[in-house]
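> See entry-v3.cif below, with mmCIF, N, CA and C atoms.
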data_target
loop_
_atom_site.group_PDB
_atom_site.id
_atom_site.type_symbol
_atom_site.label_atom_id
_atom_site.label_comp_id
_atom_site.auth_asym_id
_atom_site.auth_seq_id
_atom_site.Cartn_x
_atom_site.Cartn_y
_atom_site.Cartn_z
ATOM 1 N N MET V 1 0.839 -1.181 0.000
ATOM 2 C CA MET V 1 0.000 0.000 0.000
ATOM 3 C C MET V 1 0.879 1.236 0.000
ATOM 4 N N SER V 2 0.580 2.188 -0.866
ATOM 5 C CA SER V 2 1.370 3.402 -1.002
ATOM 6 C C SER V 2 0.787 4.515 -0.130
ATOM 7 N N THR V 3 1.663 5.231 0.541
ATOM 8 C CA THR V 3 1.233 6.350 1.367
ATOM 9 C C THR V 3 1.500 7.639 0.623
ATOM 10 N N SER V 4 0.509 8.522 0.568
ATOM 11 C CA SER V 4 0.694 9.812 -0.078
ATOM 12 C C SER V 4 1.605 10.685 0.765
ATOM 13 N N LEU V 5 2.406 11.474 0.091
ATOM 14 C CA LEU V 5 3.269 12.417 0.781
ATOM 15 C C LEU V 5 2.528 13.728 1.002
ATOM 16 N N VAL V 6 2.873 14.399 2.069
ATOM 17 C CA VAL V 6 2.312 15.707 2.392
ATOM 18 C C VAL V 6 3.405 16.736 2.169
ATOM 19 N N ARG V 7 3.071 17.803 1.456
ATOM 20 C CA ARG V 7 3.985 18.930 1.277
ATOM 21 C C ARG V 7 3.556 20.030 2.227
ATOM 22 N N ALA V 8 4.551 20.660 2.852
ATOM 23 C CA ALA V 8 4.241 21.701 3.830
ATOM 24 C C ALA V 8 5.299 22.789 3.797
ATOM 25 N N SER V 9 4.891 23.960 4.274
ATOM 26 C CA SER V 9 5.817 25.069 4.491
ATOM 27 C C SER V 9 6.042 25.190 5.983
ATOM 28 N N ILE V 10 7.301 25.233 6.372
ATOM 29 C CA ILE V 10 7.676 25.362 7.770
ATOM 30 C C ILE V 10 8.233 26.771 7.961
ATOM 31 N N GLY V 11 7.570 27.560 8.811
ATOM 32 C CA GLY V 11 8.028 28.920 9.073
ATOM 33 C C GLY V 11 9.182 28.936 10.060
ATOM 34 N N VAL V 12 10.141 29.801 9.793
ATOM 35 C CA VAL V 12 11.316 29.977 10.655
ATOM 36 C C VAL V 12 11.222 31.369 11.275
ATOM 37 N N PRO V 13 11.405 31.479 12.598
ATOM 38 C CA PRO V 13 11.246 32.779 13.246
ATOM 39 C C PRO V 13 12.314 33.795 12.827
ATOM 40 N N ALA V 14 11.878 35.042 12.708
ATOM 41 C CA ALA V 14 12.772 36.158 12.399
ATOM 42 C C ALA V 14 13.251 36.787 13.705
ATOM 43 N N PRO V 15 14.365 37.509 13.672
ATOM 44 C CA PRO V 15 14.871 38.135 14.894
ATOM 45 C C PRO V 15 13.945 39.225 15.444
ATOM 46 N N ALA V 16 13.174 39.870 14.549
ATOM 47 C CA ALA V 16 12.248 40.925 14.974
ATOM 48 C C ALA V 16 11.113 41.000 13.962
ATOM 49 N N PRO V 17 9.943 41.497 14.381
ATOM 50 C CA PRO V 17 8.818 41.636 13.446
ATOM 51 C C PRO V 17 9.219 42.451 12.210
ATOM 52 N N GLY V 18 8.784 41.983 11.053
ATOM 53 C CA GLY V 18 9.074 42.667 9.803
ATOM 54 C C GLY V 18 10.416 42.314 9.192
ATOM 55 N N GLU V 19 11.229 41.549 9.906
ATOM 56 C CA GLU V 19 12.521 41.125 9.379
ATOM 57 C C GLU V 19 12.428 39.696 8.867
ATOM 58 N N ARG V 20 13.421 39.298 8.105
ATOM 59 C CA ARG V 20 13.503 37.917 7.618
ATOM 60 C C ARG V 20 14.406 37.105 8.533
ATOM 61 N N PRO V 21 14.175 35.799 8.593
ATOM 62 C CA PRO V 21 15.093 34.943 9.357
ATOM 63 C C PRO V 21 16.505 35.014 8.761
ATOM 64 N N HIS V 22 17.489 34.872 9.597
ATOM 65 C CA HIS V 22 18.875 34.872 9.133
ATOM 66 C C HIS V 22 19.117 33.610 8.298
ATOM 67 N N PRO V 23 19.863 33.730 7.195
ATOM 68 C CA PRO V 23 20.131 32.547 6.355
ATOM 69 C C PRO V 23 20.748 31.372 7.115
ATOM 70 N N ASP V 24 21.585 31.647 8.121
ATOM 71 C CA ASP V 24 22.167 30.549 8.900
ATOM 72 C C ASP V 24 21.102 29.793 9.695
ATOM 73 N N ARG V 25 20.104 30.511 10.203
ATOM 74 C CA ARG V 25 19.015 29.866 10.946
ATOM 75 C C ARG V 25 18.165 29.016 9.992
ATOM 76 N N LEU V 26 17.899 29.536 8.801
ATOM 77 C CA LEU V 26 17.159 28.772 7.793
ATOM 78 C C LEU V 26 17.916 27.485 7.445
ATOM 79 N N ARG V 27 19.224 27.609 7.218
ATOM 80 C CA ARG V 27 20.036 26.447 6.872
ATOM 81 C C ARG V 27 20.047 25.420 8.008
ATOM 82 N N LYS V 28 20.220 25.899 9.242
ATOM 83 C CA LYS V 28 20.249 24.987 10.390
ATOM 84 C C LYS V 28 18.905 24.266 10.554
ATOM 85 N N ALA V 29 17.800 25.011 10.387
ATOM 86 C CA ALA V 29 16.473 24.391 10.486
ATOM 87 C C ALA V 29 16.284 23.348 9.387
ATOM 88 N N ALA V 30 16.718 23.661 8.172
ATOM 89 C CA ALA V 30 16.595 22.709 7.060
ATOM 90 C C ALA V 30 17.415 21.447 7.330
ATOM 91 N N GLU V 31 18.613 21.620 7.855
ATOM 92 C CA GLU V 31 19.449 20.458 8.177
ATOM 93 C C GLU V 31 18.789 19.583 9.243
ATOM 94 N N GLU V 32 18.202 20.212 10.241
ATOM 95 C CA GLU V 32 17.553 19.452 11.307
ATOM 96 C C GLU V 32 16.304 18.734 10.787
ATOM 97 N N LEU V 33 15.526 19.405 9.948
ATOM 98 C CA LEU V 33 14.346 18.761 9.360
ATOM 99 C C LEU V 33 14.766 17.552 8.511
ATOM 100 N N ALA V 34 15.830 17.704 7.745
ATOM 101 C CA ALA V 34 16.327 16.581 6.937
ATOM 102 C C ALA V 34 16.789 15.437 7.846
ATOM 103 N N ARG V 35 17.477 15.769 8.918
ATOM 104 C CA ARG V 35 17.941 14.737 9.859
ATOM 105 C C ARG V 35 16.766 13.987 10.474
ATOM 106 N N LEU V 36 15.636 14.686 10.651
ATOM 107 C CA LEU V 36 14.447 14.081 11.241
ATOM 108 C C LEU V 36 13.601 13.316 10.214
ATOM 109 N N GLY V 37 14.070 13.264 8.956
ATOM 110 C CA GLY V 37 13.404 12.440 7.953
ATOM 111 C C GLY V 37 12.548 13.164 6.945
ATOM 112 N N PHE V 38 12.572 14.483 6.934
ATOM 113 C CA PHE V 38 11.816 15.246 5.938
ATOM 114 C C PHE V 38 12.679 15.445 4.700
ATOM 115 N N GLU V 39 12.045 15.430 3.536
ATOM 116 C CA GLU V 39 12.749 15.798 2.316
ATOM 117 C C GLU V 39 12.632 17.312 2.196
ATOM 118 N N VAL V 40 13.745 17.998 2.193
ATOM 119 C CA VAL V 40 13.746 19.453 2.056
ATOM 120 C C VAL V 40 13.671 19.768 0.570
ATOM 121 N N LEU V 41 12.595 20.442 0.168
ATOM 122 C CA LEU V 41 12.376 20.761 -1.237
ATOM 123 C C LEU V 41 12.986 22.109 -1.621
ATOM 124 N N ARG V 42 12.899 23.069 -0.680
ATOM 125 C CA ARG V 42 13.375 24.423 -0.972
ATOM 126 C C ARG V 42 13.572 25.189 0.328
ATOM 127 N N ILE V 43 14.631 25.963 0.363
ATOM 128 C CA ILE V 43 14.838 26.902 1.463
ATOM 129 C C ILE V 43 14.529 28.282 0.908
ATOM 130 N N GLY V 44 13.487 28.905 1.451
ATOM 131 C CA GLY V 44 13.059 30.218 0.978
ATOM 132 C C GLY V 44 13.604 31.334 1.841
ATOM 133 N N ARG V 45 13.018 32.519 1.687
ATOM 134 C CA ARG V 45 13.467 33.682 2.456
ATOM 135 C C ARG V 45 12.908 33.702 3.861
ATOM 136 N N ARG V 46 11.757 33.041 4.074
ATOM 137 C CA ARG V 46 11.109 33.061 5.389
ATOM 138 C C ARG V 46 10.832 31.677 5.962
ATOM 139 N N GLY V 47 11.076 30.647 5.160
ATOM 140 C CA GLY V 47 10.772 29.307 5.637
ATOM 141 C C GLY V 47 11.318 28.239 4.718
ATOM 142 N N ILE V 48 10.857 27.016 4.969
ATOM 143 C CA ILE V 48 11.390 25.845 4.291
ATOM 144 C C ILE V 48 10.227 24.996 3.787
ATOM 145 N N SER V 49 10.300 24.582 2.528
ATOM 146 C CA SER V 49 9.310 23.662 1.970
ATOM 147 C C SER V 49 9.836 22.245 2.141
ATOM 148 N N VAL V 50 8.977 21.386 2.687
ATOM 149 C CA VAL V 50 9.362 20.002 2.939
ATOM 150 C C VAL V 50 8.254 19.065 2.475
ATOM 151 N N GLN V 51 8.589 17.786 2.401
ATOM 152 C CA GLN V 51 7.565 16.767 2.197
ATOM 153 C C GLN V 51 7.959 15.515 2.952
ATOM 154 N N ALA V 52 6.934 14.790 3.376
ATOM 155 C CA ALA V 52 7.128 13.534 4.094
ATOM 156 C C ALA V 52 5.778 12.836 4.171
ATOM 157 N N GLU V 53 5.790 11.606 4.625
ATOM 158 C CA GLU V 53 4.527 10.903 4.835
ATOM 159 C C GLU V 53 3.857 11.468 6.095
ATOM 160 N N PRO V 54 2.541 11.362 6.191
ATOM 161 C CA PRO V 54 1.821 11.927 7.336
ATOM 162 C C PRO V 54 2.351 11.462 8.694
ATOM 163 N N GLY V 55 2.793 10.222 8.781
ATOM 164 C CA GLY V 55 3.309 9.698 10.045
ATOM 165 C C GLY V 55 4.547 10.432 10.542
ATOM 166 N N ARG V 56 5.371 10.892 9.626
ATOM 167 C CA ARG V 56 6.565 11.654 10.008
ATOM 168 C C ARG V 56 6.158 12.969 10.679
ATOM 169 N N PHE V 57 5.156 13.652 10.106
ATOM 170 C CA PHE V 57 4.648 14.885 10.720
ATOM 171 C C PHE V 57 4.097 14.589 12.112
ATOM 172 N N ALA V 58 3.399 13.460 12.235
ATOM 173 C CA ALA V 58 2.815 13.091 13.530
ATOM 174 C C ALA V 58 3.905 12.866 14.575
ATOM 175 N N ARG V 59 4.960 12.167 14.196
ATOM 176 C CA ARG V 59 6.042 11.889 15.153
ATOM 177 C C ARG V 59 6.803 13.146 15.557
ATOM 178 N N VAL V 60 7.036 14.055 14.619
ATOM 179 C CA VAL V 60 7.847 15.239 14.901
ATOM 180 C C VAL V 60 7.020 16.396 15.467
ATOM 181 N N PHE V 61 5.836 16.638 14.882
ATOM 182 C CA PHE V 61 5.048 17.807 15.263
ATOM 183 C C PHE V 61 3.788 17.480 16.065
ATOM 184 N N GLY V 62 3.477 16.188 16.180
ATOM 185 C CA GLY V 62 2.302 15.807 16.964
ATOM 186 C C GLY V 62 0.982 16.017 16.253
ATOM 187 N N VAL V 63 1.012 16.146 14.936
ATOM 188 C CA VAL V 63 -0.207 16.320 14.145
ATOM 189 C C VAL V 63 -0.054 15.525 12.853
ATOM 190 N N ARG V 64 -1.137 14.879 12.429
ATOM 191 C CA ARG V 64 -1.107 14.066 11.213
ATOM 192 C C ARG V 64 -1.913 14.772 10.123
ATOM 193 N N PRO V 65 -1.241 15.538 9.264
ATOM 194 C CA PRO V 65 -1.969 16.220 8.185
ATOM 195 C C PRO V 65 -2.416 15.231 7.114
ATOM 196 N N GLU V 66 -3.501 15.578 6.449
ATOM 197 C CA GLU V 66 -3.988 14.770 5.338
ATOM 198 C C GLU V 66 -3.530 15.419 4.048
ATOM 199 N N PRO V 67 -3.009 14.624 3.108
ATOM 200 C CA PRO V 67 -2.563 15.204 1.846
ATOM 201 C C PRO V 67 -3.678 16.001 1.171
ATOM 202 N N GLY V 68 -3.360 17.226 0.768
ATOM 203 C CA GLY V 68 -4.316 18.057 0.049
ATOM 204 C C GLY V 68 -5.321 18.804 0.896
ATOM 205 N N ARG V 69 -5.338 18.597 2.202
ATOM 206 C CA ARG V 69 -6.275 19.293 3.087
ATOM 207 C C ARG V 69 -5.537 20.406 3.810
ATOM 208 N N ALA V 70 -6.153 21.571 3.852
ATOM 209 C CA ALA V 70 -5.514 22.740 4.452
ATOM 210 C C ALA V 70 -5.284 22.550 5.949
ATOM 211 N N LEU V 71 -4.144 23.051 6.418
ATOM 212 C CA LEU V 71 -3.800 23.002 7.831
ATOM 213 C C LEU V 71 -2.799 24.123 8.105
ATOM 214 N N VAL V 72 -3.057 24.910 9.136
ATOM 215 C CA VAL V 72 -2.117 25.952 9.563
ATOM 216 C C VAL V 72 -2.002 25.870 11.071
ATOM 217 N N LEU V 73 -0.763 25.751 11.557
ATOM 218 C CA LEU V 73 -0.525 25.623 12.996
ATOM 219 C C LEU V 73 0.627 26.501 13.445
ATOM 220 N N ARG V 74 0.498 27.067 14.603
ATOM 221 C CA ARG V 74 1.626 27.703 15.294
ATOM 222 C C ARG V 74 2.279 26.579 16.088
ATOM 223 N N LEU V 75 3.563 26.383 15.923
ATOM 224 C CA LEU V 75 4.270 25.288 16.576
ATOM 225 C C LEU V 75 4.932 25.759 17.857
ATOM 226 N N GLU V 76 4.798 24.967 18.910
ATOM 227 C CA GLU V 76 5.469 25.238 20.171
ATOM 228 C C GLU V 76 6.257 23.991 20.530
ATOM 229 N N LEU V 77 7.526 24.018 20.187
ATOM 230 C CA LEU V 77 8.384 22.848 20.332
ATOM 231 C C LEU V 77 9.516 23.162 21.291
ATOM 232 N N ASP V 78 9.166 23.426 22.527
ATOM 233 C CA ASP V 78 10.154 23.863 23.509
ATOM 234 C C ASP V 78 11.216 22.831 23.835
ATOM 235 N N ARG V 79 10.880 21.565 23.783
ATOM 236 C CA ARG V 79 11.817 20.536 24.240
ATOM 237 C C ARG V 79 12.233 19.579 23.133
ATOM 238 N N THR V 80 12.384 20.089 21.929
ATOM 239 C CA THR V 80 12.811 19.233 20.828
ATOM 240 C C THR V 80 14.022 19.846 20.138
ATOM 241 N N GLU V 81 14.561 19.097 19.190
ATOM 242 C CA GLU V 81 15.698 19.577 18.411
ATOM 243 C C GLU V 81 15.348 20.809 17.596
ATOM 244 N N LEU V 82 14.065 21.019 17.345
ATOM 245 C CA LEU V 82 13.616 22.141 16.521
ATOM 246 C C LEU V 82 13.250 23.387 17.331
ATOM 247 N N ALA V 83 13.396 23.326 18.647
ATOM 248 C CA ALA V 83 13.047 24.473 19.502
ATOM 249 C C ALA V 83 13.827 25.705 19.051
ATOM 250 N N GLY V 84 13.103 26.791 18.809
ATOM 251 C CA GLY V 84 13.716 28.039 18.377
ATOM 252 C C GLY V 84 14.049 28.105 16.900
ATOM 253 N N LEU V 85 13.925 26.978 16.193
ATOM 254 C CA LEU V 85 14.252 26.957 14.769
ATOM 255 C C LEU V 85 13.027 27.046 13.873
ATOM 256 N N VAL V 86 11.882 26.579 14.351
ATOM 257 C CA VAL V 86 10.658 26.618 13.546
ATOM 258 C C VAL V 86 9.521 27.183 14.382
ATOM 259 N N GLU V 87 8.556 27.834 13.687
ATOM 260 C CA GLU V 87 7.447 28.430 14.431
ATOM 261 C C GLU V 87 6.068 28.110 13.866
ATOM 262 N N SER V 88 6.003 27.626 12.618
ATOM 263 C CA SER V 88 4.685 27.355 12.048
ATOM 264 C C SER V 88 4.762 26.239 11.015
ATOM 265 N N LEU V 89 3.594 25.656 10.775
ATOM 266 C CA LEU V 89 3.437 24.580 9.802
ATOM 267 C C LEU V 89 2.209 24.900 8.973
ATOM 268 N N GLU V 90 2.358 24.889 7.649
ATOM 269 C CA GLU V 90 1.220 25.165 6.773
ATOM 270 C C GLU V 90 1.184 24.157 5.636
ATOM 271 N N VAL V 91 0.030 23.503 5.504
ATOM 272 C CA VAL V 91 -0.222 22.592 4.391
ATOM 273 C C VAL V 91 -1.300 23.250 3.544
ATOM 274 N N ALA V 92 -1.009 23.455 2.260
ATOM 275 C CA ALA V 92 -1.976 24.100 1.368
ATOM 276 C C ALA V 92 -3.013 23.088 0.908
ATOM 277 N N PRO V 93 -4.242 23.559 0.679
ATOM 278 C CA PRO V 93 -5.281 22.652 0.179
ATOM 279 C C PRO V 93 -5.043 22.314 -1.293
ATOM 280 N N GLU V 94 -5.714 21.248 -1.744
ATOM 281 C CA GLU V 94 -5.667 20.899 -3.166
ATOM 282 C C GLU V 94 -6.229 22.064 -3.972
ATOM 283 N N PRO V 95 -5.662 22.360 -5.113
ATOM 284 C CA PRO V 95 -6.224 23.419 -5.953
ATOM 285 C C PRO V 95 -7.600 23.021 -6.484
ATOM 286 N N ILE V 96 -8.450 23.988 -6.669
ATOM 287 C CA ILE V 96 -9.797 23.738 -7.198
ATOM 288 C C ILE V 96 -9.725 23.833 -8.723
ATOM 289 N N ASP V 97 -10.244 22.804 -9.387
ATOM 290 C CA ASP V 97 -10.264 22.804 -10.847
ATOM 291 C C ASP V 97 -11.507 23.545 -11.317
ATOM 292 N N LEU V 98 -11.337 24.771 -11.748
ATOM 293 C CA LEU V 98 -12.457 25.591 -12.186
ATOM 294 C C LEU V 98 -12.905 25.259 -13.604
ATOM 295 N N ALA V 99 -12.150 24.440 -14.317
ATOM 296 C CA ALA V 99 -12.493 24.081 -15.684
ATOM 297 C C ALA V 99 -13.581 23.007 -15.763
ATOM 298 N N ARG V 100 -13.882 22.397 -14.661
ATOM 299 C CA ARG V 100 -14.897 21.327 -14.684
ATOM 300 C C ARG V 100 -16.269 21.872 -14.824
#
As structure tokens, please, write out the structure in this file.

Amino acid sequence: MSTSLVRASIGVPAPAPGERPHPDRLRKAAEELARLGFEVLRIGRRGISVQAEPGRFARVFGVRPEPGRALVLRLELDRTELAGLVESLEVAPEPIDLAR
């Protein structure tokens, strides 16, 4: 049985409101996410795009997203390897086909 992968954007905290996260913090967060079993798709200016099976999200973030279903969470990971490196998780919904 094949498990669908979930794509998500992981927000990285900035040093102050209106600023962008430092590139070193983005890189460190991406390395830690990869070490935890996520495929890092892209490191952006404010966060990291990743994908993994739903169970991986459940083990790391305590939530099991469904592929294609919208989800937005503020993450509070005080006692994990990701503490201070990530602040949010967003899964975009499936696009609506307006041509139908």
> With the PyMOL selection byres (((chain V and resi 7 and name CA) around 7) and name CA) as the selection, what would be picked from this file? Answer as a PDB file with N, CA and C atoms, keeping the file's coordinate frame, please.

ATOM      1  N   LEU V   5       2.406  11.474   0.091  1.00  0.00           N
ATOM      2  CA  LEU V   5       3.269  12.417   0.781  1.00  0.00           C
ATOM      3  C   LEU V   5       2.528  13.728   1.002  1.00  0.00           C
ATOM      4  N   VAL V   6       2.873  14.399   2.069  1.00  0.00           N
ATOM      5  CA  VAL V   6       2.312  15.707   2.392  1.00  0.00           C
ATOM      6  C   VAL V   6       3.405  16.736   2.169  1.00  0.00           C
ATOM      7  N   ALA V   8       4.551  20.660   2.852  1.00  0.00           N
ATOM      8  CA  ALA V   8       4.241  21.701   3.830  1.00  0.00           C
ATOM      9  C   ALA V   8       5.299  22.789   3.797  1.00  0.00           C
ATOM     10  N   VAL V  50       8.977  21.386   2.687  1.00  0.00           N
ATOM     11  CA  VAL V  50       9.362  20.002   2.939  1.00  0.00           C
ATOM     12  C   VAL V  50       8.254  19.065   2.475  1.00  0.00           C
ATOM     13  N   GLN V  51       8.589  17.786   2.401  1.00  0.00           N
ATOM     14  CA  GLN V  51       7.565  16.767   2.197  1.00  0.00           C
ATOM     15  C   GLN V  51       7.959  15.515   2.952  1.00  0.00           C
ATOM     16  N   ALA V  52       6.934  14.790   3.376  1.00  0.00           N
ATOM     17  CA  ALA V  52       7.128  13.534   4.094  1.00  0.00           C
ATOM     18  C   ALA V  52       5.778  12.836   4.171  1.00  0.00           C
ATOM     19  N   VAL V  91       0.030  23.503   5.504  1.00  0.00           N
ATOM     20  CA  VAL V  91      -0.222  22.592   4.391  1.00  0.00           C
ATOM     21  C   VAL V  91      -1.300  23.250   3.544  1.00  0.00           C
TER      22      VAL V  91
END
> So, counting all atoms listed in the file, which residue among V:Arg56, V:Ile96, V:Leu85, V:Leu75 is closest to Ala30 (chain V)?
V:Leu85
> Name the residues of chain V that come out as strand (DSSP E or B) in a backbone DSSP run; write them as a ChimeraX atom specification.
/V:6-11,39-43,47-52,71-74,88-91
> Write out as a ChimeraX atom specification each polymer residue whose atoms come within 12 Å of Phe38 (chain V), counting only C-alpha atoms; drop sequence neighbours fewer than 2 positions from it.
/V:5-10,29-36,40-42,48-61
> Can you pull out every residue from chain V that DSSP, working from the backbone, puts in alpha helix (DSSP H), and format the result as a PyMOL selection string?
chain V and resi 23-35+54-61
> Which centre and edge lengths in Å to one decimal define the box along x, y and z that fits every listed atom of region 1-19 of chain V plus 8 Å per side, as lines of an AutoDock Vina configuration file?

center_x = 7.4
center_y = 20.7
center_z = 7.2
size_x = 30.9
size_y = 59.8
size_z = 32.4
> May I ask for the distance between CA of Asp78 (chain V) and atom C of Arg45 (chain V), given in Å to one decimal place?
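A separation of 22.1 Å between them.
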> Please determine, counting all atoms listed in the file, which residue among V:Leu77, V:Val86, V:Glu94, V:Arg46 has the shortest atom-to-atom distance to Arg20 (chain V).
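Of all the options, V:Arg46 lies closest to Arg20 (chain V).
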> Could you list as an mmCIF file with N, CA and C atoms, in the coordinates of the input every residue that has an atom within 6 Å of (-1.3, 23.0, 11.1), using the file's coordinates and counting all atoms listed in the file?

data_model
loop_
_atom_site.group_PDB
_atom_site.id
_atom_site.type_symbol
_atom_site.label_atom_id
_atom_site.label_comp_id
_atom_site.auth_asym_id
_atom_site.auth_seq_id
_atom_site.Cartn_x
_atom_site.Cartn_y
_atom_site.Cartn_z
ATOM 1 N N LEU V 71 -4.144 23.051 6.418
ATOM 2 C CA LEU V 71 -3.800 23.002 7.831
ATOM 3 C C LEU V 71 -2.799 24.123 8.105
ATOM 4 N N VAL V 72 -3.057 24.910 9.136
ATOM 5 C CA VAL V 72 -2.117 25.952 9.563
ATOM 6 C C VAL V 72 -2.002 25.870 11.071
ATOM 7 N N LEU V 73 -0.763 25.751 11.557
ATOM 8 C CA LEU V 73 -0.525 25.623 12.996
ATOM 9 C C LEU V 73 0.627 26.501 13.445
ATOM 10 N N ARG V 74 0.498 27.067 14.603
ATOM 11 C CA ARG V 74 1.626 27.703 15.294
ATOM 12 C C ARG V 74 2.279 26.579 16.088
ATOM 13 N N LEU V 89 3.594 25.656 10.775
ATOM 14 C CA LEU V 89 3.437 24.580 9.802
ATOM 15 C C LEU V 89 2.209 24.900 8.973
ATOM 16 N N GLU V 90 2.358 24.889 7.649
ATOM 17 C CA GLU V 90 1.220 25.165 6.773
ATOM 18 C C GLU V 90 1.184 24.157 5.636
ATOM 19 N N VAL V 91 0.030 23.503 5.504
ATOM 20 C CA VAL V 91 -0.222 22.592 4.391
ATOM 21 C C VAL V 91 -1.300 23.250 3.544
#
> What is the CA of Val63 (chain V)-CA of Ala16 (chain V) distance in Å, reported with one decimal?
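Between these atoms lies a distance of 27.6 Å.
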> Take the point (14.9, 37.7, 12.1) as written in the file and pick out every residue within 12 Å of it, counting only C-alpha atoms; give the list as JSON, numbers by chain.
{"V": [11, 12, 13, 14, 15, 16, 17, 18, 19, 20, 21, 22, 23, 24, 25, 26, 45, 46, 47, 84, 85, 86]}
